[in-house]
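target-v4.cif follows; it contains mmCIF, C-alpha atoms.
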```
data_target
#
loop_
_atom_site.label_atom_id
_atom_site.label_comp_id
_atom_site.auth_asym_id
_atom_site.auth_seq_id
_atom_site.Cartn_x
_atom_site.Cartn_y
_atom_site.Cartn_z
CA MET A 1 92.94 100.99 -45.28
CA GLN A 2 91.22 100.83 -41.90
CA ASN A 3 89.05 103.85 -40.98
CA TRP A 4 89.70 105.34 -44.44
CA ARG A 5 86.35 107.12 -44.71
CA ILE A 6 86.56 108.96 -41.40
CA LYS A 7 90.22 109.81 -42.09
CA LEU A 8 89.22 111.25 -45.46
CA SER A 9 86.50 113.25 -43.71
CA LEU A 10 89.01 114.65 -41.19
CA PHE A 11 91.25 115.74 -44.07
CA LEU A 12 88.36 117.45 -45.90
CA ASN A 13 87.08 119.18 -42.75
CA TYR A 14 90.51 120.65 -42.10
CA PHE A 15 90.81 121.63 -45.77
CA VAL A 16 87.52 123.59 -45.66
CA PHE A 17 88.44 125.48 -42.51
CA ALA A 18 91.96 126.14 -43.77
CA ILE A 19 90.48 128.12 -46.65
CA LEU A 20 88.02 130.02 -44.45
CA LEU A 21 90.29 130.75 -41.49
CA ASN A 22 93.44 131.65 -43.34
CA SER A 23 91.75 133.89 -45.84
CA VAL A 24 91.99 136.53 -43.11
CA GLY A 25 95.27 137.89 -44.54
CA THR A 26 93.68 138.21 -47.98
CA VAL A 27 90.53 139.75 -46.52
CA ILE A 28 92.60 142.24 -44.48
CA LEU A 29 94.16 143.50 -47.71
CA LEU A 30 90.86 143.54 -49.63
CA MET A 31 88.99 145.34 -46.84
CA GLN A 32 91.55 148.13 -46.84
CA LYS A 33 90.78 148.64 -50.52
CA SER A 34 86.99 148.00 -50.51
CA PHE A 35 86.03 149.61 -47.20
CA GLY A 36 88.77 152.26 -46.94
CA ILE A 37 89.99 151.25 -43.47
CA THR A 38 93.48 151.59 -41.92
CA LYS A 39 95.90 148.77 -41.13
CA ALA A 40 95.26 149.22 -37.40
CA GLN A 41 91.50 148.87 -37.97
CA ALA A 42 92.00 145.86 -40.23
CA SER A 43 94.19 144.17 -37.60
CA TYR A 44 91.15 143.68 -35.34
CA THR A 45 89.57 141.31 -37.86
CA GLU A 46 91.81 138.51 -36.63
CA PRO A 47 90.62 138.70 -32.99
CA PHE A 48 87.02 138.11 -34.11
CA LYS A 49 88.24 134.78 -35.46
CA ASP A 50 90.70 133.88 -32.74
CA LEU A 51 88.80 135.05 -29.68
CA SER A 52 85.68 133.21 -30.82
CA ILE A 53 87.83 130.09 -31.13
CA ALA A 54 89.15 130.63 -27.60
CA ILE A 55 85.74 131.38 -26.05
CA VAL A 56 83.93 128.43 -27.63
CA SER A 57 86.83 126.11 -26.80
CA PHE A 58 86.78 127.30 -23.20
CA ILE A 59 83.05 126.61 -22.91
CA VAL A 60 82.87 123.33 -24.82
CA THR A 61 86.20 121.60 -24.18
CA SER A 62 85.20 120.03 -20.86
CA PHE A 63 82.28 118.14 -22.37
CA ILE A 64 83.19 117.72 -26.05
CA THR A 65 83.23 113.93 -25.60
CA ARG A 66 79.67 114.06 -24.25
CA ILE A 67 78.53 115.87 -27.40
CA GLY A 68 80.49 113.45 -29.56
CA TYR A 69 83.26 114.32 -32.01
CA LYS A 70 81.20 113.52 -35.10
CA LYS A 71 78.13 115.45 -33.98
CA ALA A 72 80.25 118.49 -33.05
CA MET A 73 81.88 118.51 -36.51
CA LEU A 74 78.49 118.27 -38.22
CA ILE A 75 77.22 121.28 -36.23
CA ALA A 76 80.32 123.28 -37.21
CA LEU A 77 80.02 122.48 -40.92
CA GLY A 78 76.32 123.35 -40.89
CA ILE A 79 76.99 126.78 -39.36
CA VAL A 80 79.72 127.80 -41.81
CA SER A 81 77.70 126.58 -44.79
CA LEU A 82 74.79 128.81 -43.80
CA VAL A 83 76.88 131.92 -43.06
CA SER A 84 78.91 131.51 -46.26
CA PHE A 85 75.76 131.52 -48.40
CA ILE A 86 74.59 134.73 -46.66
CA MET A 87 77.89 136.63 -47.13
CA PRO A 88 77.51 137.67 -50.81
CA PHE A 89 74.30 139.53 -49.95
CA THR A 90 76.17 141.83 -47.55
CA SER A 91 78.89 144.44 -48.00
CA SER A 92 80.17 145.66 -44.65
CA ILE A 93 83.05 145.24 -42.25
CA VAL A 94 80.54 144.21 -39.57
CA MET A 95 79.39 141.18 -41.57
CA VAL A 96 82.97 140.21 -42.40
CA ARG A 97 83.78 140.20 -38.70
CA PHE A 98 80.62 138.20 -37.98
CA LEU A 99 81.71 135.67 -40.59
CA PHE A 100 85.09 135.19 -38.93
CA ALA A 101 83.43 134.93 -35.52
CA ALA A 102 81.17 132.16 -36.88
CA VAL A 103 84.07 130.42 -38.61
CA GLY A 104 86.21 130.68 -35.48
CA SER A 105 83.46 129.30 -33.25
CA SER A 106 82.90 126.40 -35.63
CA PHE A 107 86.61 125.69 -35.98
CA ALA A 108 86.87 125.28 -32.22
CA LEU A 109 84.48 122.34 -32.53
CA ILE A 110 86.28 120.98 -35.60
CA LYS A 111 89.78 121.14 -34.14
CA MET A 112 88.86 119.60 -30.79
CA SER A 113 87.01 116.83 -32.62
CA VAL A 114 89.74 116.18 -35.19
CA TYR A 115 92.46 116.05 -32.51
CA GLY A 116 90.32 113.72 -30.42
CA ALA A 117 89.42 111.53 -33.39
CA ILE A 118 93.07 111.08 -34.43
CA GLY A 119 93.65 109.19 -31.18
CA LEU A 120 90.70 106.92 -32.00
CA VAL A 121 91.90 105.94 -35.49
CA THR A 122 95.64 105.45 -34.81
CA LYS A 123 97.34 102.55 -33.04
CA ASN A 124 100.55 103.99 -31.57
CA ASP A 125 102.57 107.18 -30.93
CA LYS A 126 104.44 107.12 -34.24
CA GLU A 127 101.26 106.61 -36.25
CA HIS A 128 99.66 109.43 -34.23
CA ILE A 129 102.41 111.99 -34.92
CA SER A 130 102.55 110.95 -38.59
CA LEU A 131 98.78 111.32 -39.16
CA MET A 132 98.81 114.60 -37.23
CA ASN A 133 101.44 116.02 -39.60
CA PHE A 134 99.67 114.73 -42.71
CA ILE A 135 96.37 116.30 -41.63
CA GLU A 136 98.10 119.56 -40.76
CA SER A 137 99.86 119.47 -44.14
CA PHE A 138 96.48 119.18 -45.84
CA PHE A 139 95.45 122.22 -43.82
CA GLY A 140 98.34 123.96 -45.54
CA VAL A 141 97.04 122.81 -48.94
CA GLY A 142 93.72 124.46 -48.08
CA ILE A 143 95.51 127.71 -47.29
CA VAL A 144 97.31 127.62 -50.64
CA VAL A 145 94.02 127.03 -52.44
CA SER A 146 92.50 130.06 -50.68
CA TYR A 147 95.18 132.32 -52.17
CA PHE A 148 94.16 131.24 -55.67
CA ILE A 149 90.38 131.13 -55.15
CA PHE A 150 90.00 134.69 -53.84
CA PRO A 151 91.88 136.45 -56.70
CA LEU A 152 89.46 134.82 -59.17
CA PHE A 153 86.72 137.02 -57.71
CA VAL A 154 88.77 140.24 -57.39
CA ASP A 155 87.98 142.98 -59.92
CA LYS A 156 91.46 143.99 -61.17
CA ASN A 157 90.09 147.15 -62.76
CA ASN A 158 88.33 148.31 -59.60
CA PRO A 159 90.24 147.53 -56.35
CA ALA A 160 87.42 149.11 -54.32
CA SER A 161 84.88 146.60 -55.65
CA THR A 162 83.28 144.07 -53.29
CA SER A 163 82.97 141.41 -56.00
CA TRP A 164 85.33 139.20 -53.97
CA LEU A 165 82.44 138.45 -51.59
CA ASN A 166 80.99 136.11 -54.24
CA VAL A 167 83.74 133.62 -53.36
CA TYR A 168 81.60 132.58 -50.39
CA TYR A 169 79.08 130.87 -52.68
CA LEU A 170 81.86 128.45 -53.61
CA LEU A 171 83.09 128.06 -50.04
CA GLY A 172 79.56 127.37 -48.81
CA GLY A 173 79.23 124.60 -51.39
CA ILE A 174 82.51 122.97 -50.29
CA SER A 175 81.40 123.12 -46.65
CA LEU A 176 78.11 121.46 -47.54
CA ALA A 177 79.95 118.65 -49.38
CA ALA A 178 82.15 118.12 -46.30
CA PHE A 179 78.99 117.92 -44.15
CA PHE A 180 77.51 115.07 -46.20
CA LEU A 181 80.79 113.15 -46.39
CA LEU A 182 81.12 113.24 -42.61
CA LEU A 183 77.49 112.25 -42.18
CA SER A 184 78.20 109.03 -44.08
CA ALA A 185 81.50 108.22 -42.28
CA PRO A 186 81.41 105.81 -39.29
CA LEU A 187 83.39 106.72 -36.15
CA ASP A 188 83.64 104.53 -33.06
CA GLU A 189 83.92 106.98 -30.13
CA SER A 190 83.60 104.47 -27.29
CA ALA A 191 87.30 104.73 -26.35
CA SER A 192 86.95 108.48 -25.74
CA LYS A 193 84.13 108.06 -23.24
CA THR A 194 84.81 108.02 -19.51
CA THR A 195 83.00 105.59 -17.27
CA ASN A 196 82.29 108.07 -14.46
CA THR A 197 78.99 109.83 -13.93
CA GLU A 198 80.34 113.24 -12.88
CA ASN A 199 78.32 116.31 -13.79
CA LEU A 200 79.40 118.95 -16.29
CA ILE A 201 80.70 121.30 -13.58
CA ASN A 202 83.17 118.65 -12.44
CA ASP A 203 84.14 117.95 -16.05
CA PHE A 204 84.73 121.66 -16.57
CA GLY A 205 86.93 121.79 -13.47
CA LYS A 206 89.17 119.08 -14.89
CA MET A 207 90.44 121.47 -17.53
CA PHE A 208 91.65 123.93 -14.88
CA ARG A 209 93.40 121.16 -12.94
CA LEU A 210 95.52 120.44 -16.00
CA PHE A 211 97.29 123.74 -15.35
CA VAL A 212 99.16 122.33 -12.34
CA VAL A 213 101.04 119.91 -14.62
CA PRO A 214 104.39 121.46 -15.68
CA LEU A 215 104.34 119.49 -18.95
CA VAL A 216 101.02 121.08 -19.89
CA LEU A 217 102.10 124.58 -18.89
CA ILE A 218 105.30 124.61 -20.92
CA PHE A 219 103.49 123.02 -23.87
CA LEU A 220 100.86 125.79 -23.83
CA LEU A 221 103.67 128.36 -23.83
CA CYS A 222 105.12 126.69 -26.93
CA ALA A 223 101.73 126.60 -28.68
CA PHE A 224 101.01 130.25 -27.83
CA PHE A 225 104.28 131.61 -29.21
CA TYR A 226 104.29 129.36 -32.26
CA VAL A 227 100.86 130.57 -33.42
CA LEU A 228 101.79 134.17 -32.54
CA LEU A 229 104.80 133.77 -34.84
CA GLU A 230 102.99 132.01 -37.69
CA GLN A 231 99.93 134.28 -37.76
CA SER A 232 101.95 137.50 -37.51
CA ILE A 233 103.62 136.53 -40.79
CA MET A 234 100.74 134.76 -42.54
CA SER A 235 98.06 137.39 -41.87
CA TRP A 236 100.22 140.31 -42.99
CA LEU A 237 102.23 138.83 -45.86
CA PRO A 238 99.72 139.93 -48.56
CA THR A 239 99.81 143.50 -47.19
CA PHE A 240 103.62 143.30 -46.92
CA ASN A 241 103.82 142.26 -50.58
CA ASN A 242 101.53 145.12 -51.57
CA ASP A 243 102.96 147.94 -49.43
CA VAL A 244 106.64 147.05 -49.14
CA LEU A 245 107.44 145.01 -52.27
CA LYS A 246 105.08 147.11 -54.46
CA LEU A 247 103.14 144.16 -55.94
CA ASN A 248 99.57 144.77 -57.07
CA GLU A 249 96.68 143.29 -55.09
CA VAL A 250 96.27 140.07 -57.10
CA LEU A 251 100.02 139.33 -57.18
CA SER A 252 100.30 140.16 -53.47
CA ILE A 253 97.67 137.55 -52.60
CA ARG A 254 99.02 134.89 -54.95
CA MET A 255 102.63 135.35 -53.84
CA ALA A 256 101.54 134.87 -50.22
CA SER A 257 100.52 131.35 -51.24
CA ILE A 258 104.23 130.43 -51.31
CA LEU A 259 104.27 130.64 -47.51
CA SER A 260 101.28 128.32 -47.23
CA ALA A 261 102.66 125.92 -49.82
CA ALA A 262 105.94 125.82 -47.90
CA ILE A 263 104.04 125.05 -44.69
CA ALA A 264 102.07 122.27 -46.38
CA LEU A 265 105.24 120.74 -47.87
CA GLY A 266 107.11 121.11 -44.58
CA ARG A 267 104.41 119.24 -42.67
CA PHE A 268 104.20 116.51 -45.29
CA LEU A 269 107.98 115.98 -45.13
CA ALA A 270 107.86 116.11 -41.34
CA GLY A 271 105.29 113.32 -41.39
CA LEU A 272 108.00 111.17 -43.00
CA ILE A 273 111.06 112.46 -41.14
CA LEU A 274 109.57 112.34 -37.64
CA LYS A 275 109.02 108.59 -37.99
CA ARG A 276 112.82 108.21 -37.94
CA VAL A 277 114.36 111.26 -36.23
CA LYS A 278 113.67 112.53 -32.72
CA TRP A 279 111.23 115.45 -32.84
CA LEU A 280 113.37 117.82 -30.73
CA TYR A 281 116.35 117.66 -33.11
CA VAL A 282 114.10 118.38 -36.10
CA LEU A 283 112.30 121.32 -34.47
CA VAL A 284 115.41 123.01 -33.08
CA ALA A 285 117.12 122.80 -36.48
CA CYS A 286 114.02 124.25 -38.15
CA LEU A 287 113.86 127.22 -35.76
CA VAL A 288 117.54 128.04 -36.25
CA VAL A 289 117.09 128.10 -40.05
CA ALA A 290 113.87 130.16 -39.73
CA ALA A 291 115.71 132.75 -37.62
CA GLY A 292 118.45 132.89 -40.26
CA ILE A 293 115.91 133.56 -43.01
CA VAL A 294 114.40 136.49 -41.08
CA TYR A 295 117.81 137.90 -40.18
CA PHE A 296 119.13 137.87 -43.75
CA ALA A 297 115.92 138.52 -45.71
CA MET A 298 115.07 141.94 -44.29
CA PRO A 299 118.42 143.57 -45.30
CA ALA A 300 117.98 142.02 -48.76
CA ILE A 301 114.56 143.68 -48.99
CA ASN A 302 116.13 147.00 -47.95
CA ASN A 303 118.66 146.58 -50.74
CA PHE A 304 115.88 145.92 -53.28
CA LEU A 305 113.92 148.99 -52.19
CA SER A 306 116.95 151.27 -52.39
CA ASN A 307 117.45 150.27 -56.03
CA TYR A 308 113.77 150.18 -57.08
CA HIS A 309 112.34 153.25 -58.76
CA GLY A 310 109.16 151.93 -60.38
CA ASN A 311 105.52 152.69 -59.62
CA GLY A 312 104.43 149.15 -58.86
CA ILE A 313 104.83 145.55 -60.01
CA ASN A 314 102.05 144.10 -62.14
CA GLU A 315 103.77 141.19 -63.88
CA LEU A 316 105.13 137.94 -62.47
CA LYS A 317 108.42 138.36 -64.33
CA ASP A 318 109.14 141.65 -62.53
CA ILE A 319 108.79 140.26 -58.99
CA PRO A 320 112.11 140.40 -57.07
CA ALA A 321 113.73 137.13 -55.96
CA ILE A 322 113.39 138.02 -52.28
CA ALA A 323 109.60 137.86 -52.62
CA PHE A 324 110.04 134.15 -53.39
CA ILE A 325 112.72 133.48 -50.77
CA PHE A 326 111.27 134.97 -47.58
CA PRO A 327 108.03 132.89 -47.61
CA LEU A 328 110.17 129.73 -47.55
CA ILE A 329 110.37 130.33 -43.81
CA GLY A 330 107.11 128.37 -43.75
CA LEU A 331 108.98 125.19 -44.71
CA PHE A 332 110.89 125.35 -41.42
CA LEU A 333 108.11 126.62 -39.18
CA ALA A 334 105.77 123.91 -40.49
CA PRO A 335 106.69 120.85 -38.37
CA ILE A 336 106.63 122.63 -35.00
CA TYR A 337 102.94 122.96 -34.22
CA PRO A 338 101.66 119.49 -35.20
CA ALA A 339 104.72 117.84 -33.63
CA ILE A 340 104.35 119.42 -30.19
CA ASN A 341 100.59 118.83 -30.28
CA SER A 342 101.12 115.18 -31.05
CA VAL A 343 103.77 114.78 -28.34
CA VAL A 344 101.55 116.15 -25.61
CA LEU A 345 98.39 114.36 -26.80
CA SER A 346 100.07 110.98 -27.21
CA SER A 347 101.45 111.39 -23.66
CA LEU A 348 97.91 111.50 -22.27
CA PRO A 349 95.14 108.87 -22.00
CA LYS A 350 92.56 109.06 -24.79
CA PRO A 351 89.66 110.27 -22.58
CA GLN A 352 91.73 113.40 -21.81
CA HIS A 353 92.48 114.26 -25.45
CA GLY A 354 89.33 116.39 -25.71
CA LEU A 355 90.33 118.44 -22.66
CA MET A 356 93.87 118.94 -23.89
CA ALA A 357 92.70 119.78 -27.42
CA GLY A 358 90.52 122.52 -25.93
CA LEU A 359 93.48 124.07 -24.14
CA ILE A 360 95.57 123.84 -27.32
CA ILE A 361 92.91 125.72 -29.24
CA ILE A 362 92.42 128.40 -26.57
CA PHE A 363 96.10 129.28 -26.27
CA SER A 364 96.68 129.00 -30.01
CA ALA A 365 93.80 131.41 -30.63
CA LEU A 366 95.12 133.91 -28.10
CA GLY A 367 98.58 133.72 -29.65
CA GLY A 368 97.26 134.23 -33.18
CA SER A 369 95.07 137.15 -32.16
CA LEU A 370 97.85 138.94 -30.28
CA GLY A 371 100.37 138.31 -33.06
CA SER A 372 98.13 139.83 -35.73
CA VAL A 373 97.23 142.92 -33.70
CA ILE A 374 100.84 143.63 -32.69
CA THR A 375 102.08 143.16 -36.26
CA GLY A 376 99.32 145.40 -37.64
CA HIS A 377 100.18 148.25 -35.29
CA VAL A 378 103.95 147.91 -35.77
CA PHE A 379 103.38 147.71 -39.54
CA GLN A 380 101.37 150.93 -39.57
CA ASN A 381 103.70 152.90 -37.28
CA TYR A 382 107.15 151.55 -38.14
CA GLY A 383 106.84 149.74 -41.47
CA GLY A 384 106.56 146.15 -42.67
CA GLN A 385 110.24 145.23 -42.31
CA ARG A 386 110.37 146.06 -38.61
CA ALA A 387 107.06 144.27 -38.13
CA PHE A 388 108.56 141.08 -39.55
CA TYR A 389 111.81 141.50 -37.59
CA PHE A 390 109.56 141.07 -34.54
CA SER A 391 109.29 137.35 -35.42
CA LEU A 392 112.82 136.77 -34.07
CA VAL A 393 111.49 137.25 -30.52
CA PRO A 394 109.02 134.31 -30.50
CA ILE A 395 111.58 132.17 -32.36
CA ILE A 396 114.09 132.61 -29.52
CA ILE A 397 111.43 131.96 -26.87
CA LEU A 398 110.33 128.81 -28.71
CA LEU A 399 113.89 127.45 -28.87
CA ILE A 400 114.22 127.68 -25.10
CA ALA A 401 110.70 126.42 -24.38
CA LEU A 402 111.05 123.33 -26.61
CA ILE A 403 114.17 122.17 -24.77
CA VAL A 404 112.36 122.47 -21.43
CA PHE A 405 109.26 120.77 -22.90
CA ASN A 406 111.36 117.81 -24.05
CA ARG A 407 112.84 117.32 -20.58
CA LEU A 408 109.44 117.42 -18.91
CA GLN A 409 107.91 115.04 -21.45
CA LYS A 410 110.68 112.50 -20.76
CA LYS A 411 109.97 112.66 -17.02
CA TYR A 412 106.24 112.33 -17.54
CA THR A 413 106.38 109.33 -19.89
CA ALA A 414 108.82 107.65 -17.50
CA VAL A 415 106.10 107.64 -14.83
CA SER A 416 103.71 105.77 -17.23
CA LYS A 417 100.60 106.54 -19.23
CA VAL A 418 97.96 106.51 -16.57
CA GLU A 419 95.05 108.84 -15.84
CA LEU A 420 96.55 112.21 -14.97
CA PRO A 421 96.80 112.42 -11.17
CA ILE A 422 95.51 115.97 -11.27
CA ILE A 423 92.14 114.77 -12.47
CA THR A 424 91.51 113.22 -9.07
CA ASP A 425 92.37 115.15 -5.95
CA PRO A 426 94.79 115.26 -4.26
CA ILE A 427 97.75 115.24 -6.65
CA SER A 428 99.73 112.04 -6.26
CA GLU A 429 103.14 112.27 -4.64
CA GLU A 430 104.57 110.18 -7.46
CA PHE A 431 103.80 112.78 -10.10
CA LYS A 432 104.88 115.69 -7.90
CA GLN A 433 108.37 114.27 -8.08
#
```

Will you turn the file into structure tokens for me?
Amino acid sequence: MQNWRIKLSLFLNYFVFAILLNSVGTVILLMQKSFGITKAQASYTEPFKDLSIAIVSFIVTSFITRIGYKKAMLIALGIVSLVSFIMPFTSSIVMVRFLFAAVGSSFALIKMSVYGAIGLVTKNDKEHISLMNFIESFFGVGIVVSYFIFPLFVDKNNPASTSWLNVYYLLGGISLAAFFLLLSAPLDESASKTTNTENLINDFGKMFRLFVVPLVLIFLLCAFFYVLLEQSIMSWLPTFNNDVLKLNEVLSIRMASILSAAIALGRFLAGLILKRVKWLYVLVACLVVAAGIVYFAMPAINNFLSNYHGNGINELKDIPAIAFIFPLIGLFLAPIYPAINSVVLSSLPKPQHGLMAGLIIIFSALGGSLGSVITGHVFQNYGGQRAFYFSLVPIIILLIALIVFNRLQKKYTAVSKVELPIITDPISEEFKQ
């Protein structure tokens, strides 16, 4: 298979960061136990990850192609390897937040580079959207793995123990292995280079000019609300299992893996389905089913709680069926993010993929950060069920935004795949129409 080594490297890079980034829900639960903090305090862990992603993306996106995708990924893997090996020697909320800031900053480089590199190793739009979904599905596999790695280091007899920090020895080793695999993988980046000699200030300005394109604006709205929706559920599902469904800490973490497994499976299946079915039909159907799961699952949870009189669930056999059903929402949320990313990226010339990837990351990070903070505060003040009912709002917004996005994408591709007129001033009259 052509480009197999670099493709394998892209998969492994995403796998590593899936474990690190999406352990935030697990860490939120464990910090409440180990450090004695409130849900509202724990909710601010996510912004250290997401805002660092947004800030680094904002700074680097305009000249990521000058750095080089491969070099940027090597820098990112080196940073997380170092910080992971330091983590077990610390035991404080400050260091945990520093870790997520470092991981977030590094992921900004990884995601921009992976999204840019996909365009370099695929031949057409269908291959692009398929590889995008397969890579994102492997990201989901990494998330599932994280839910099983962390409990191995949790002291069941002492919930306040910080023994779980030793997991970072393992994660540092995986990051180091990913570093050396990438180092040995060839990547031809010539197609991503522009032929102009503009300075970095002009390159940076190009990112802002993208905002005048309606297609880009509505896409960023979709990305923002999708990640707000996904992270509000993913980051708080372990705490929901623990506080609302009365599962112990280890079961709460492991049961949250169902959501991630569903996302991974959903993206894998989408990689097959989207080769044959128009993306809009698939995504609209998925959102309708996801809304139905939220609408019917919360009353079912109420019914369980009204009939439950125990002191807590410590065995797998005692877990209520609804704890298995609600996380299946991930199966239907899964195809949305990689599909819309692929649609907008494959609509643009390859030299602009780095710029667009940067904007994707910035708005995704802002959405994830806001979603986690809002859910944490609603959870603390009004309970977990109302916090998850909140997910119906971004689902409705996404349904409307995707229909508009599809119409704009049709108009844009009808014009032809040429350098975006907004990159050179003034804006062409052809594209204004």

Residues picked by the PyMOL selection byres ((chain A and resi 224-230) around 7) here, as a CSV table (one decimal) with C-alpha atoms, in the coordinates of the input?
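out_34.csv was written with the following content:
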```csv
chain,number,residue,atom,x,y,z
A,220,LEU,CA,100.9,125.8,-23.8
A,221,LEU,CA,103.7,128.4,-23.8
A,222,CYS,CA,105.1,126.7,-26.9
A,223,ALA,CA,101.7,126.6,-28.7
A,231,GLN,CA,99.9,134.3,-37.8
A,232,SER,CA,102.0,137.5,-37.5
A,233,ILE,CA,103.6,136.5,-40.8
A,234,MET,CA,100.7,134.8,-42.5
A,337,TYR,CA,102.9,123.0,-34.2
A,363,PHE,CA,96.1,129.3,-26.3
A,364,SER,CA,96.7,129.0,-30.0
A,366,LEU,CA,95.1,133.9,-28.1
A,367,GLY,CA,98.6,133.7,-29.6
A,368,GLY,CA,97.3,134.2,-33.2
A,370,LEU,CA,97.8,138.9,-30.3
A,371,GLY,CA,100.4,138.3,-33.1
A,391,SER,CA,109.3,137.4,-35.4
A,394,PRO,CA,109.0,134.3,-30.5
A,398,LEU,CA,110.3,128.8,-28.7
```

message = Once the PyMOL selection byres ((chain A and resi 119-130) around 8) has been evaluated on this model, what residues remain selected, and can you format them as a PyMOL selection string?
response = chain A and resi 3+7+115-118+131-134+188-189+191-192+270-272+274-275+338-339+342-343+346+350+353

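With all atoms listed in the file as the atoms that count, the minimum distance from A:Leu183 to the choices A:Leu280, A:Ile6, A:Ile325, A:Met87 is reached by A:Ile6.
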
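Distance-wise, atom CA of A:Val289 and atom CA of A:Thr239 end up 24.2 Å apart.
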
ask   = the PyMOL selection byres ((chain A and resi 141) around 12) on the file shown: which residues, as a ChimeraX atom specification?
value = /A:11-12,14-19,22,134-140,142-148,257-268

Selected residues written out with C-alpha atoms, as a compact mmCIF listing (two decimals), in the coordinates of the input:
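Output contents, as saved in selection31.txt:
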```txt
# COMPACT_ATOMS: atom_id res chain seq x y z
CA PHE A 11 91.25 115.74 -44.07
CA LEU A 12 88.36 117.45 -45.90
CA TYR A 14 90.51 120.65 -42.10
CA PHE A 15 90.81 121.63 -45.77
CA VAL A 16 87.52 123.59 -45.66
CA PHE A 17 88.44 125.48 -42.51
CA ALA A 18 91.96 126.14 -43.77
CA ILE A 19 90.48 128.12 -46.65
CA ASN A 22 93.44 131.65 -43.34
CA PHE A 134 99.67 114.73 -42.71
CA ILE A 135 96.37 116.30 -41.63
CA GLU A 136 98.10 119.56 -40.76
CA SER A 137 99.86 119.47 -44.14
CA PHE A 138 96.48 119.18 -45.84
CA PHE A 139 95.45 122.22 -43.82
CA GLY A 140 98.34 123.96 -45.54
CA GLY A 142 93.72 124.46 -48.08
CA ILE A 143 95.51 127.71 -47.29
CA VAL A 144 97.31 127.62 -50.64
CA VAL A 145 94.02 127.03 -52.44
CA SER A 146 92.50 130.06 -50.68
CA TYR A 147 95.18 132.32 -52.17
CA PHE A 148 94.16 131.24 -55.67
CA SER A 257 100.52 131.35 -51.24
CA ILE A 258 104.23 130.43 -51.31
CA LEU A 259 104.27 130.64 -47.51
CA SER A 260 101.28 128.32 -47.23
CA ALA A 261 102.66 125.92 -49.82
CA ALA A 262 105.94 125.82 -47.90
CA ILE A 263 104.04 125.05 -44.69
CA ALA A 264 102.07 122.27 -46.38
CA LEU A 265 105.24 120.74 -47.87
CA GLY A 266 107.11 121.11 -44.58
CA ARG A 267 104.41 119.24 -42.67
CA PHE A 268 104.20 116.51 -45.29
```

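If you look at atom CA of A:Asn302 and atom CA of A:Ala290, they are 18.9 Å away from each other.
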
query = Skipping near chain neighbours, those fewer than 5 positions away, what residues fall within 10 Å of A:Asp155 using all atoms listed in the file, listed as a ChimeraX atom specification?
reply = /A:160-164,249-250

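You can rank A:Gly104, A:Gly358, A:Gly68, A:Gly78 by their closest distance to A:Gly172 using only C-alpha atoms, and at the top of that list sits A:Gly78.
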
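Among the candidates A:Phe388, A:Ser372, A:Ile362, A:Ser235, the residue lying nearest to A:Val294 is A:Phe388 (atoms considered: all atoms listed in the file).
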
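Interatomic distance, atom CA of A:Phe304 against atom CA of A:Gln380: 20.6 Å.
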
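Shell of A:Tyr389 at 12 Å, with all atoms listed in the file counted and residues fewer than 6 places along the chain excluded, is Leu229, Ser232, Ile233, Ala290, Ala291, Gly292, Ile293, Val294, Tyr295, Phe296, Ala297, Met298, Pro299, Ile301, Phe326, Thr375, Val378, Phe379, Tyr382, Gly383 and Ile395 of chain A.
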
Next, the residues of the selection above should be written as a PDB file, keeping the file's coordinate frame with C-alpha atoms.
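Wrote result04.pdb, looks like this:
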```
ATOM      1  CA  LEU A 229     104.800 133.770 -34.840  1.00  0.00           C
ATOM      2  CA  SER A 232     101.950 137.500 -37.510  1.00  0.00           C
ATOM      3  CA  ILE A 233     103.620 136.530 -40.790  1.00  0.00           C
ATOM      4  CA  ALA A 290     113.870 130.160 -39.730  1.00  0.00           C
ATOM      5  CA  ALA A 291     115.710 132.750 -37.620  1.00  0.00           C
ATOM      6  CA  GLY A 292     118.450 132.890 -40.260  1.00  0.00           C
ATOM      7  CA  ILE A 293     115.910 133.560 -43.010  1.00  0.00           C
ATOM      8  CA  VAL A 294     114.400 136.490 -41.080  1.00  0.00           C
ATOM      9  CA  TYR A 295     117.810 137.900 -40.180  1.00  0.00           C
ATOM     10  CA  PHE A 296     119.130 137.870 -43.750  1.00  0.00           C
ATOM     11  CA  ALA A 297     115.920 138.520 -45.710  1.00  0.00           C
ATOM     12  CA  MET A 298     115.070 141.940 -44.290  1.00  0.00           C
ATOM     13  CA  PRO A 299     118.420 143.570 -45.300  1.00  0.00           C
ATOM     14  CA  ILE A 301     114.560 143.680 -48.990  1.00  0.00           C
ATOM     15  CA  PHE A 326     111.270 134.970 -47.580  1.00  0.00           C
ATOM     16  CA  THR A 375     102.080 143.160 -36.260  1.00  0.00           C
ATOM     17  CA  VAL A 378     103.950 147.910 -35.770  1.00  0.00           C
ATOM     18  CA  PHE A 379     103.380 147.710 -39.540  1.00  0.00           C
ATOM     19  CA  TYR A 382     107.150 151.550 -38.140  1.00  0.00           C
ATOM     20  CA  GLY A 383     106.840 149.740 -41.470  1.00  0.00           C
ATOM     21  CA  ILE A 395     111.580 132.170 -32.360  1.00  0.00           C
TER      22      ILE A 395
END
```

ask   = Pick from A:Ser106, A:Leu251, A:Met95, A:Ser57: nearest to A:Met31, with all atoms listed in the file counted?
value = A:Met95

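Of the residues listed (A:Thr61, A:Ser34, A:Asn307, A:Ser43), A:Thr61 shows the shortest atom-to-atom separation from A:Leu355; distances use all atoms listed in the file.
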